[in-house]
Amino acid sequence: MADYLPGPDADYQAWVTNFVTYANANLAALGLVAADMTPVTTGQTAFNSGFSAHIAA
């Protein structure tokens, strides 16, 4: 089965941003509550910080 997450970091970052935006806008329809997104957004923030540091290096 093909992986649905894009491989290059910049593409992955864009995919996660889109996912978080969509999920937050459609919480009820997805059967989620805001607290369900906390680990996702925490991971997104950590990735974005690390990726920015990587690019700067």
# chains A, B, ... in the order shown; residues from 1 in each chain; ligands from 1
$ residues_around --residues "segment 38-55 of chain A" --least-positions-apart "2" --cutoff "8 Å" --atoms "only C-alpha atoms" --output "list in words"
Asp9, Gln13, Val16, Thr17, Val20, Ala34, Ala35, Asp36 and Ala57 of chain A
$ residues_around --residues "Leu5 of chain A" --least-positions-apart "4" --cutoff "9 Å" --atoms "only C-alpha atoms" --output "list in words"
Asp11, Tyr12, Trp15 and Val16 of chain A
$ write_last_selection --atoms "N, CA and C atoms" --output "mmCIF file, in the first residue's frame"
data_model
loop_
_atom_site.group_PDB
_atom_site.id
_atom_site.type_symbol
_atom_site.label_atom_id
_atom_site.label_comp_id
_atom_site.auth_asym_id
_atom_site.auth_seq_id
_atom_site.Cartn_x
_atom_site.Cartn_y
_atom_site.Cartn_z
ATOM 1 N N ASP A 11 6.877 19.304 1.701
ATOM 2 C CA ASP A 11 5.577 18.792 1.275
ATOM 3 C C ASP A 11 4.817 18.206 2.459
ATOM 4 N N TYR A 12 5.533 17.514 3.336
ATOM 5 C CA TYR A 12 4.919 16.968 4.553
ATOM 6 C C TYR A 12 4.374 18.100 5.428
ATOM 7 N N TRP A 15 1.231 19.343 3.988
ATOM 8 C CA TRP A 15 0.167 18.363 4.156
ATOM 9 C C TRP A 15 -0.394 18.428 5.576
ATOM 10 N N VAL A 16 0.483 18.477 6.573
ATOM 11 C CA VAL A 16 0.039 18.528 7.969
ATOM 12 C C VAL A 16 -0.729 19.823 8.239
#
$ atom_distance --atom1 "atom CA of Thr21 of chain A" --atom2 "atom CA of Met37 of chain A"
10.4 Å
$ select_by_dssp --residues "chain A" --states "alpha helix (DSSP H)" --output "PyMOL selection string"
chain A and resi 9-25+38-56
$ write_last_selection --atoms "N, CA and C atoms" --output "JSON list (two decimals), in the first residue's frame"
[["chain", "number", "residue", "atom", "x", "y", "z"],
["A", 9, "ASP", "N", 10.27, 16.96, 3.24],
["A", 9, "ASP", "CA", 9.83, 17.66, 4.45],
["A", 9, "ASP", "C", 8.90, 18.83, 4.19],
["A", 10, "ALA", "N", 9.21, 19.64, 3.19],
["A", 10, "ALA", "CA", 8.36, 20.81, 2.91],
["A", 10, "ALA", "C", 6.96, 20.37, 2.47],
["A", 11, "ASP", "N", 6.88, 19.30, 1.70],
["A", 11, "ASP", "CA", 5.58, 18.79, 1.28],
["A", 11, "ASP", "C", 4.82, 18.21, 2.46],
["A", 12, "TYR", "N", 5.53, 17.51, 3.34],
["A", 12, "TYR", "CA", 4.92, 16.97, 4.55],
["A", 12, "TYR", "C", 4.37, 18.10, 5.43],
["A", 13, "GLN", "N", 5.16, 19.15, 5.58],
["A", 13, "GLN", "CA", 4.75, 20.30, 6.39],
["A", 13, "GLN", "C", 3.46, 20.91, 5.83],
["A", 14, "ALA", "N", 3.38, 21.05, 4.53],
["A", 14, "ALA", "CA", 2.17, 21.60, 3.90],
["A", 14, "ALA", "C", 0.99, 20.66, 4.09],
["A", 15, "TRP", "N", 1.23, 19.34, 3.99],
["A", 15, "TRP", "CA", 0.17, 18.36, 4.16],
["A", 15, "TRP", "C", -0.39, 18.43, 5.58],
["A", 16, "VAL", "N", 0.48, 18.48, 6.57],
["A", 16, "VAL", "CA", 0.04, 18.53, 7.97],
["A", 16, "VAL", "C", -0.73, 19.82, 8.24],
["A", 17, "THR", "N", -0.25, 20.94, 7.71],
["A", 17, "THR", "CA", -0.96, 22.20, 7.88],
["A", 17, "THR", "C", -2.37, 22.11, 7.32],
["A", 18, "ASN", "N", -2.51, 21.54, 6.15],
["A", 18, "ASN", "CA", -3.82, 21.36, 5.53],
["A", 18, "ASN", "C", -4.68, 20.42, 6.37],
["A", 19, "PHE", "N", -4.10, 19.33, 6.84],
["A", 19, "PHE", "CA", -4.84, 18.37, 7.66],
["A", 19, "PHE", "C", -5.37, 19.02, 8.93],
["A", 20, "VAL", "N", -4.52, 19.75, 9.63],
["A", 20, "VAL", "CA", -4.91, 20.40, 10.88],
["A", 20, "VAL", "C", -6.02, 21.43, 10.62],
["A", 21, "THR", "N", -5.87, 22.21, 9.58],
["A", 21, "THR", "CA", -6.89, 23.20, 9.23],
["A", 21, "THR", "C", -8.22, 22.52, 8.94],
["A", 22, "TYR", "N", -8.19, 21.48, 8.14],
["A", 22, "TYR", "CA", -9.41, 20.76, 7.78],
["A", 22, "TYR", "C", -10.04, 20.10, 9.02],
["A", 23, "ALA", "N", -9.22, 19.41, 9.79],
["A", 23, "ALA", "CA", -9.74, 18.70, 10.97],
["A", 23, "ALA", "C", -10.36, 19.67, 11.96],
["A", 24, "ASN", "N", -9.69, 20.79, 12.21],
["A", 24, "ASN", "CA", -10.24, 21.77, 13.15],
["A", 24, "ASN", "C", -11.54, 22.38, 12.65],
["A", 25, "ALA", "N", -11.69, 22.52, 11.36],
["A", 25, "ALA", "CA", -12.91, 23.09, 10.79],
["A", 25, "ALA", "C", -14.05, 22.08, 10.72],
["A", 38, "THR", "N", -5.06, 18.27, 20.16],
["A", 38, "THR", "CA", -3.92, 18.78, 20.93],
["A", 38, "THR", "C", -2.62, 18.03, 20.63],
["A", 39, "PRO", "N", -2.60, 16.70, 20.64],
["A", 39, "PRO", "CA", -1.34, 16.02, 20.33],
["A", 39, "PRO", "C", -0.88, 16.27, 18.88],
["A", 40, "VAL", "N", -1.84, 16.43, 18.00],
["A", 40, "VAL", "CA", -1.50, 16.68, 16.60],
["A", 40, "VAL", "C", -0.86, 18.06, 16.45],
["A", 41, "THR", "N", -1.48, 19.07, 17.04],
["A", 41, "THR", "CA", -0.93, 20.42, 16.91],
["A", 41, "THR", "C", 0.38, 20.57, 17.69],
["A", 42, "THR", "N", 0.52, 19.84, 18.79],
["A", 42, "THR", "CA", 1.79, 19.85, 19.52],
["A", 42, "THR", "C", 2.90, 19.26, 18.65],
["A", 43, "GLY", "N", 2.61, 18.16, 18.00],
["A", 43, "GLY", "CA", 3.58, 17.57, 17.08],
["A", 43, "GLY", "C", 3.87, 18.46, 15.89],
["A", 44, "GLN", "N", 2.85, 19.12, 15.38],
["A", 44, "GLN", "CA", 3.03, 20.03, 14.26],
["A", 44, "GLN", "C", 3.96, 21.18, 14.65],
["A", 45, "THR", "N", 3.75, 21.74, 15.82],
["A", 45, "THR", "CA", 4.59, 22.83, 16.31],
["A", 45, "THR", "C", 6.04, 22.38, 16.46],
["A", 46, "ALA", "N", 6.23, 21.20, 17.02],
["A", 46, "ALA", "CA", 7.59, 20.67, 17.19],
["A", 46, "ALA", "C", 8.26, 20.43, 15.84],
["A", 47, "PHE", "N", 7.51, 19.87, 14.90],
["A", 47, "PHE", "CA", 8.08, 19.64, 13.58],
["A", 47, "PHE", "C", 8.44, 20.96, 12.91],
["A", 48, "ASN", "N", 7.52, 21.93, 12.95],
["A", 48, "ASN", "CA", 7.78, 23.21, 12.31],
["A", 48, "ASN", "C", 9.02, 23.89, 12.89],
["A", 49, "SER", "N", 9.17, 23.83, 14.21],
["A", 49, "SER", "CA", 10.36, 24.43, 14.85],
["A", 49, "SER", "C", 11.63, 23.72, 14.43],
["A", 50, "GLY", "N", 11.59, 22.40, 14.46],
["A", 50, "GLY", "CA", 12.77, 21.63, 14.06],
["A", 50, "GLY", "C", 13.11, 21.81, 12.59],
["A", 51, "PHE", "N", 12.08, 21.86, 11.76],
["A", 51, "PHE", "CA", 12.31, 22.03, 10.33],
["A", 51, "PHE", "C", 12.89, 23.40, 10.03],
["A", 52, "SER", "N", 12.37, 24.42, 10.70],
["A", 52, "SER", "CA", 12.93, 25.77, 10.52],
["A", 52, "SER", "C", 14.39, 25.82, 10.94],
["A", 53, "ALA", "N", 14.72, 25.18, 12.05],
["A", 53, "ALA", "CA", 16.10, 25.13, 12.51],
["A", 53, "ALA", "C", 16.99, 24.37, 11.51],
["A", 54, "HIS", "N", 16.45, 23.31, 10.96],
["A", 54, "HIS", "CA", 17.19, 22.53, 9.97],
["A", 54, "HIS", "C", 17.48, 23.36, 8.72],
["A", 55, "ILE", "N", 16.49, 24.08, 8.24],
["A", 55, "ILE", "CA", 16.68, 24.93, 7.05],
["A", 55, "ILE", "C", 17.68, 26.03, 7.35],
["A", 56, "ALA", "N", 17.60, 26.62, 8.53],
["A", 56, "ALA", "CA", 18.52, 27.70, 8.90],
["A", 56, "ALA", "C", 19.96, 27.21, 8.99]]
$ decode --residues "chain A" --atoms "C-alpha atoms" --output "short mmCIF file (atom, residue, chain, number, x, y, z; two decimals), in the first residue's frame"
data_model
loop_
_atom_site.label_atom_id
_atom_site.label_comp_id
_atom_site.auth_asym_id
_atom_site.auth_seq_id
_atom_site.Cartn_x
_atom_site.Cartn_y
_atom_site.Cartn_z
CA MET A 1 0.00 0.00 0.00
CA ALA A 2 1.35 3.39 -0.95
CA ASP A 3 2.09 5.87 1.81
CA TYR A 4 -0.28 8.83 1.69
CA LEU A 5 2.12 11.17 3.53
CA PRO A 6 4.44 13.07 1.19
CA GLY A 7 8.13 12.38 1.60
CA PRO A 8 9.97 15.68 1.21
CA ASP A 9 9.83 17.66 4.45
CA ALA A 10 8.36 20.81 2.91
CA ASP A 11 5.58 18.79 1.28
CA TYR A 12 4.92 16.97 4.55
CA GLN A 13 4.75 20.30 6.39
CA ALA A 14 2.17 21.60 3.90
CA TRP A 15 0.17 18.36 4.16
CA VAL A 16 0.04 18.53 7.97
CA THR A 17 -0.96 22.20 7.88
CA ASN A 18 -3.82 21.36 5.53
CA PHE A 19 -4.84 18.37 7.66
CA VAL A 20 -4.91 20.40 10.88
CA THR A 21 -6.89 23.20 9.23
CA TYR A 22 -9.41 20.76 7.78
CA ALA A 23 -9.74 18.70 10.97
CA ASN A 24 -10.24 21.77 13.15
CA ALA A 25 -12.91 23.09 10.79
CA ASN A 26 -14.72 19.74 10.73
CA LEU A 27 -14.31 18.37 14.26
CA ALA A 28 -17.91 17.25 14.74
CA ALA A 29 -18.20 15.70 11.30
CA LEU A 30 -15.02 13.71 11.97
CA GLY A 31 -16.25 12.64 15.41
CA LEU A 32 -13.57 14.64 17.19
CA VAL A 33 -13.41 17.28 19.89
CA ALA A 34 -10.85 20.07 20.16
CA ALA A 35 -8.83 18.12 22.74
CA ASP A 36 -8.30 15.34 20.19
CA MET A 37 -6.26 17.76 18.10
CA THR A 38 -3.92 18.78 20.93
CA PRO A 39 -1.34 16.02 20.33
CA VAL A 40 -1.50 16.68 16.60
CA THR A 41 -0.93 20.42 16.91
CA THR A 42 1.79 19.85 19.52
CA GLY A 43 3.58 17.57 17.08
CA GLN A 44 3.03 20.03 14.26
CA THR A 45 4.59 22.83 16.31
CA ALA A 46 7.59 20.67 17.19
CA PHE A 47 8.08 19.64 13.58
CA ASN A 48 7.78 23.21 12.31
CA SER A 49 10.36 24.43 14.85
CA GLY A 50 12.77 21.63 14.06
CA PHE A 51 12.31 22.03 10.33
CA SER A 52 12.93 25.77 10.52
CA ALA A 53 16.10 25.13 12.51
CA HIS A 54 17.19 22.53 9.97
CA ILE A 55 16.68 24.93 7.05
CA ALA A 56 18.52 27.70 8.90
CA ALA A 57 21.48 25.40 9.52
#
